[in-house]
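Participant: A single structure is presented below for examination.
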Amino acid sequence: MQRTGNHLRSGLRPKARPQRQPKAIKPSADPVDEWLAKCRPGWALPGKFHSDEAIYRADLDRVWRTGWLFAGHTCEIPKPGDYFTLQVDADPLLVIRAQDGSIHGLHNVCRHRGSTICHEETGHVSRLVCPYHQWAYGLDGGLLSCRGMHDLDKSKFGLKKITVREAGGLIYLSLADKPSPFEPAHELLAPLARPQGFHRAKVAKAVDYLVKANWKLVWENNRECYHCNLNHPQYIKANFDHYNADDTTPRIKREINGVVSRSEKKWAASGLAPTHTQTGMTPFPDVENNIWFSANRTPLVDGYLSESMDGKRVGPLMGDYQDADVGTLRIRTLPNFWNHSSCDHAVSTRLLPAGPQLTAIRVWWLVDEKAEEGRDYQLEKLMPFWQLTSEQDWEICERQQRGVNSSAFTPGPYSTFKEYNVDGFVQWYLKMLKRDA
Amino acid sequence: MQRTGNHLRSGLRPKARPQRQPKAIKPSADPVDEWLAKCRPGWALPGKFHSDEAIYRADLDRVWRTGWLFAGHTCEIPKPGDYFTLQVDADPLLVIRAQDGSIHGLHNVCRHRGSTICHEETGHVSRLVCPYHQWAYGLDGGLLSCRGMHDLDKSKFGLKKITVREAGGLIYLSLADKPSPFEPAHELLAPLARPQGFHRAKVAKAVDYLVKANWKLVWENNRECYHCNLNHPQYIKANFDHYNADDTTPRIKREINGVVSRSEKKWAASGLAPTHTQTGMTPFPDVENNIWFSANRTPLVDGYLSESMDGKRVGPLMGDYQDADVGTLRIRTLPNFWNHSSCDHAVSTRLLPAGPQLTAIRVWWLVDEKAEEGRDYQLEKLMPFWQLTSEQDWEICERQQRGVNSSAFTPGPYSTFKEYNVDGFVQWYLKMLKRDA
Amino acid sequence: MQRTGNHLRSGLRPKARPQRQPKAIKPSADPVDEWLAKCRPGWALPGKFHSDEAIYRADLDRVWRTGWLFAGHTCEIPKPGDYFTLQVDADPLLVIRAQDGSIHGLHNVCRHRGSTICHEETGHVSRLVCPYHQWAYGLDGGLLSCRGMHDLDKSKFGLKKITVREAGGLIYLSLADKPSPFEPAHELLAPLARPQGFHRAKVAKAVDYLVKANWKLVWENNRECYHCNLNHPQYIKANFDHYNADDTTPRIKREINGVVSRSEKKWAASGLAPTHTQTGMTPFPDVENNIWFSANRTPLVDGYLSESMDGKRVGPLMGDYQDADVGTLRIRTLPNFWNHSSCDHAVSTRLLPAGPQLTAIRVWWLVDEKAEEGRDYQLEKLMPFWQLTSEQDWEICERQQRGVNSSAFTPGPYSTFKEYNVDGFVQWYLKMLKRDA
């Protein structure tokens, strides 16, 4: 299987594509099929994809309940009994570390009468005891005791399990009965993530947002830097990806070549050399090969050691890093995660669907586990770069949601130079939606 | 017709029931039928019963618009012209005392253009005058005047009537065109309620709650004390019903026998002797006989004269009581009422459906009509026992609602020892739902 | 084509109409058709017309997207580049003055990926630049530049246009592809509106309301003064239209005849003479002739020079007026506008649908463009008359909405003496609803 992250390192950009007409599809009673028939490659999705209840339910069934969802970080639940909760649409979920150190995903729903069991975002328990009638479950979800139920076969009433996998300190879960293989993702992500030390990090801060936009609009926004110039004054000082094939000047090209070659010299042997060495965003996702995961290291602009307001370090080095000049590590996995990591901190973003026009987003700032607030880092220096950039994007998405809700909205074309990844995302999404129809 | 309250005084508990499979029912276009086919006796309802709009509408039509609904107390509207308002889903209702002292139920909706007429929770009027165009109705709803309507047959435009009945100071209404007989309920409730003196009580306080849970979850919670041990630390000090056939120790048995025999000696002749003399809850409802009402007197734990925080009296004796040692009177009527009364106060709880996942609940604290706040009772002593217990339950119900909303929720089995009444409630509900399908 | 405003000056009122039964219409799958079949002339609409989602969507398609909607005043956007925004249901719209002084209506939705472009209620721009990717449009909506889109035919990607027309300083828009002719409305409204000077006015204040009632209930309320006596103590002091054919006493008749003849003598030659000279409201709309616009001048009660709390002037004379004694100018256009103008100020009311049970209402107070707050007028004297009257009506509408939501609501009959215009509105509405079915 082909890997992302460097499979398109040739620097080639997709050519301008002739605008194809949608295939004539016989109208059907299924509103999702009817709307699918109206999609055109290279063009934005019809507005209903961002507001219709039937499409939202199809998204849940065919994307969110089939794919691998980023849940959180192993460092959030270091000890047996530590857990965190999350919610995918109406499904309350639980991720917990068992006595043997293994991590389990469980539906946070009692098998008796359905009460939720854990009500904190994070916590620690010795057993999972339902507050309603005290049915007690082990850390792996097995039913241990249920007073008053005298002839119950306990083995059949454990908490429902969710498949969980870990890659380089990142925890993924799948709600599917038969999850697709996680190994290809692990194979790519684990070695790239390892030096960042997610597994021995700590959460300096997490901020929750409820963004009034469909989750796909949030992704479309994430998949291009066409919007960066005026919307992200902080981000563009540190990065090269708002330049594209059509506006990368010789000066910019020289500049990125300079930092790339410096990095390659320094890191060639140690695995920290950049894997994305161009202006523009690394192509992702790879629709044809169903690749939903990707990671790459890319240099920062000269003078930037960290994605901070002034480019200076904002904390102690993380993970295996011995030197601050390691550029930036970027990870993204569909349908719900991206991470931007510098030498001294890592920022994870998780999307969860909360309605056709509502996305619950959490942003985490991670630092080395030994770093102490006040002494080793200050939140007011650590957070602004990505807090500003994130919030700028949420506002963009909410404005777009209001516009695509218009009865007069018709999808426009994507820029082949600047929005190739948005089109890629849409094609990936449509493939998912059709696959399990 | 068999009566509830003591029809199962034998102390027998239903035996553990073999878990039957649901009957194969041919799928139908009616979503309610489809979901009915998935119900299993002895098991909780599928989650859709607590969230689906079609099921909620069926509940309204087949339960709420056919049954007898508790509305309020006669003592709330002592004088002609006194009224109170309530709302069943979207239907604004009015209960008012007419000049002759009779109580009338009326739709609080003008027959002209539909404005609501009374906007206060309780009030006093000499006529019911619509604020929009001053159509004026008598206290019995008859149209008296309508300026500007010169050829209107007034006899055809009275406020729409709702059947109202009274039993021992409790007011019930029916939204049905042909209500089922109220007499059996009156025959049971009136004599048991009479000594409590609801008809010469006063409202010390009423508290309204909007609970984010389907009304059936609130009832399921009410129909068992399996959850009491850890959730209701106040309640279990005063009562015996959290003990059941499988955990009533000889000491507990001796204890309840002691208070029962003391009570029986004292009250045998006066009708105040306990009618429920066991641990565990009295069985209710009686599905086979369609019994939706029940009342019983039961002893409190030794040392408790009242359901108060310390068991001490919190007000003057109510009604006909000459002695504080009268245990507790309990009344419950489906689909929307229960009452717990002590010698010195009575607590009524009324449920009204406000949406598939929303129940409007009012709790009243009643004391003797002559009692004066400050002098005869203090709210801070009167209220906590049932305020705490009620609010503990609302939180439980909201947690359960969140869990049964999960796409992964599957109904669990009821404990035959502790949840026989929950199953009874569910069977009663399903019978109602099927009857009028 | 017959004109409104004076086409029924004969003073005749429609006779009491025999109550007709609805025609038997074969039930259909379309819920709108089913509900249409239940409407009876002379009677209020069934409650579903004010709550049902399908009917609301039909209202949008057949009324709001076919008719002429009042948008705002030319004086709000005096200079090229000035714009204001509004929203019809989910459609964000923009009205802007171009370089040549012409006024343009545009969908406020970028043709690229659908972001809204202008986010202020009013503002000034030199070009319309989408904040997402800086696609830039001219003031007439034409696409001027779109960085990164190298082979786009710009002529095909201008902002979608909305037809805009102006009449006497009032701006109307149509969302229809082929709007109905605006000329008849212009021909009536422009000369009547001209002396008021809307085109050289300024907004002293605008207040926005979100009223929890269907837009049709707001209109029904507007179309009769049957409710004025008790609900509008301020309004009835200044006006004659709460009197009707059945309660206009000889004294009132003499009174109105007195002010009418005084006005006619004074203004016969100058076009300011009253065009509505009766008690009661001028008949509107004219269903048979599809007349959706109307305006008339009518005298105020003797002693009232302005619709203010005490009848005294609250600002400098507007427009062409040389004398304060000009009665009141009234304009109303379906489906969303009415205006009450005195010699010294004008009050415009605009309705916009925001949901089946939600109407967004803006009320503007206009004064002469040269008037200065503090010096020439005080808001606390200018506003109360119409602010109180408006808010009294919104409360009425919300109460009516709660009542017509009742499952027990059945429509009542309209008074032929006092609610002829409500019936007229309903018949107009039903004609619109059927026309485009």
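Following the order of the structure tokens, first chain is A, next is B, and so on, with residues numbered from 1 inside each chain and ligands from 1 in the order they appear.
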Excluding range 354-365 of chain A and any residue of its chain fewer than 6 positions from it, enumerate the residues within 7 Å of it, using only C-alpha atoms, and give them as a list in words.
Facilitator: His50, Ser51, Asp52, Glu53, Tyr56, Asp89, Val203, Ala204, Lys205, Ala206, Val207, Asp208, Tyr209, Leu210, Val211, Lys212, Ala213, Asn214, Trp215, His345, Ala346, Val347 and Ser348 of chain A
Participant: Can you check which residues of range 136-292 of chain A DSSP gives as alpha helix (DSSP H) on the backbone and send them as number ranges by chain?
Facilitator: A: 183-193, 215-222, 228-231, 235-238, 250-267
Participant: Quick one: everything within 8 Å of Gln99 in chain C, counting only C-alpha atoms, minus sequence neighbours fewer than 4 positions away in the same chain. Send it as a PyMOL selection string.
Facilitator: chain C and resi 80-81+139
Participant: Considering only C-alpha atoms, extract the chain A residues located within 8 Å of chain B and return them as a list in words.
Facilitator: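 Here is what falls inside 8 Å: Ala90, Asp91, Pro92, His107, Asn108, Val109, Cys110, Arg111, His112, Arg113, Gly114, Ser115, Thr116, Pro131, Tyr132, His133, Gln134, Gly148, Met149, His150 and Lys160 of chain A.
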Participant: Pull C-alpha atoms from the residues just selected and write them as a CSV table (one decimal), in the first residue's frame.
Facilitator:
```
chain,number,residue,atom,x,y,z
A,90,ALA,CA,-25.3,11.0,20.8
A,91,ASP,CA,-22.9,8.2,21.8
A,92,PRO,CA,-21.1,8.7,25.1
A,107,HIS,CA,-19.5,2.7,25.5
A,108,ASN,CA,-20.2,4.8,28.6
A,109,VAL,CA,-23.7,3.3,28.9
A,110,CYS,CA,-24.8,0.8,31.6
A,111,ARG,CA,-26.0,-2.5,30.3
A,112,HIS,CA,-28.8,-2.5,32.8
A,113,ARG,CA,-31.0,0.5,32.1
A,114,GLY,CA,-28.7,2.7,30.1
A,115,SER,CA,-27.5,5.3,32.5
A,116,THR,CA,-24.2,6.9,31.6
A,131,PRO,CA,-24.5,5.6,39.7
A,132,TYR,CA,-28.0,4.4,39.2
A,133,HIS,CA,-28.1,0.8,40.6
A,134,GLN,CA,-24.4,0.3,41.2
A,148,GLY,CA,-30.5,-7.9,42.8
A,149,MET,CA,-30.0,-9.7,39.5
A,150,HIS,CA,-29.9,-13.3,40.7
A,160,LYS,CA,-20.0,-2.7,25.0
```
Participant: Enumerate, as a ChimeraX atom specification, the complete set of residues in range 97-240 of chain B that a backbone-based DSSP assignment places in strand (DSSP E or B).
Facilitator: /B:97,103-107,109,116,122-124,128-129,136-137,143-145,161-167,170-174,201-211
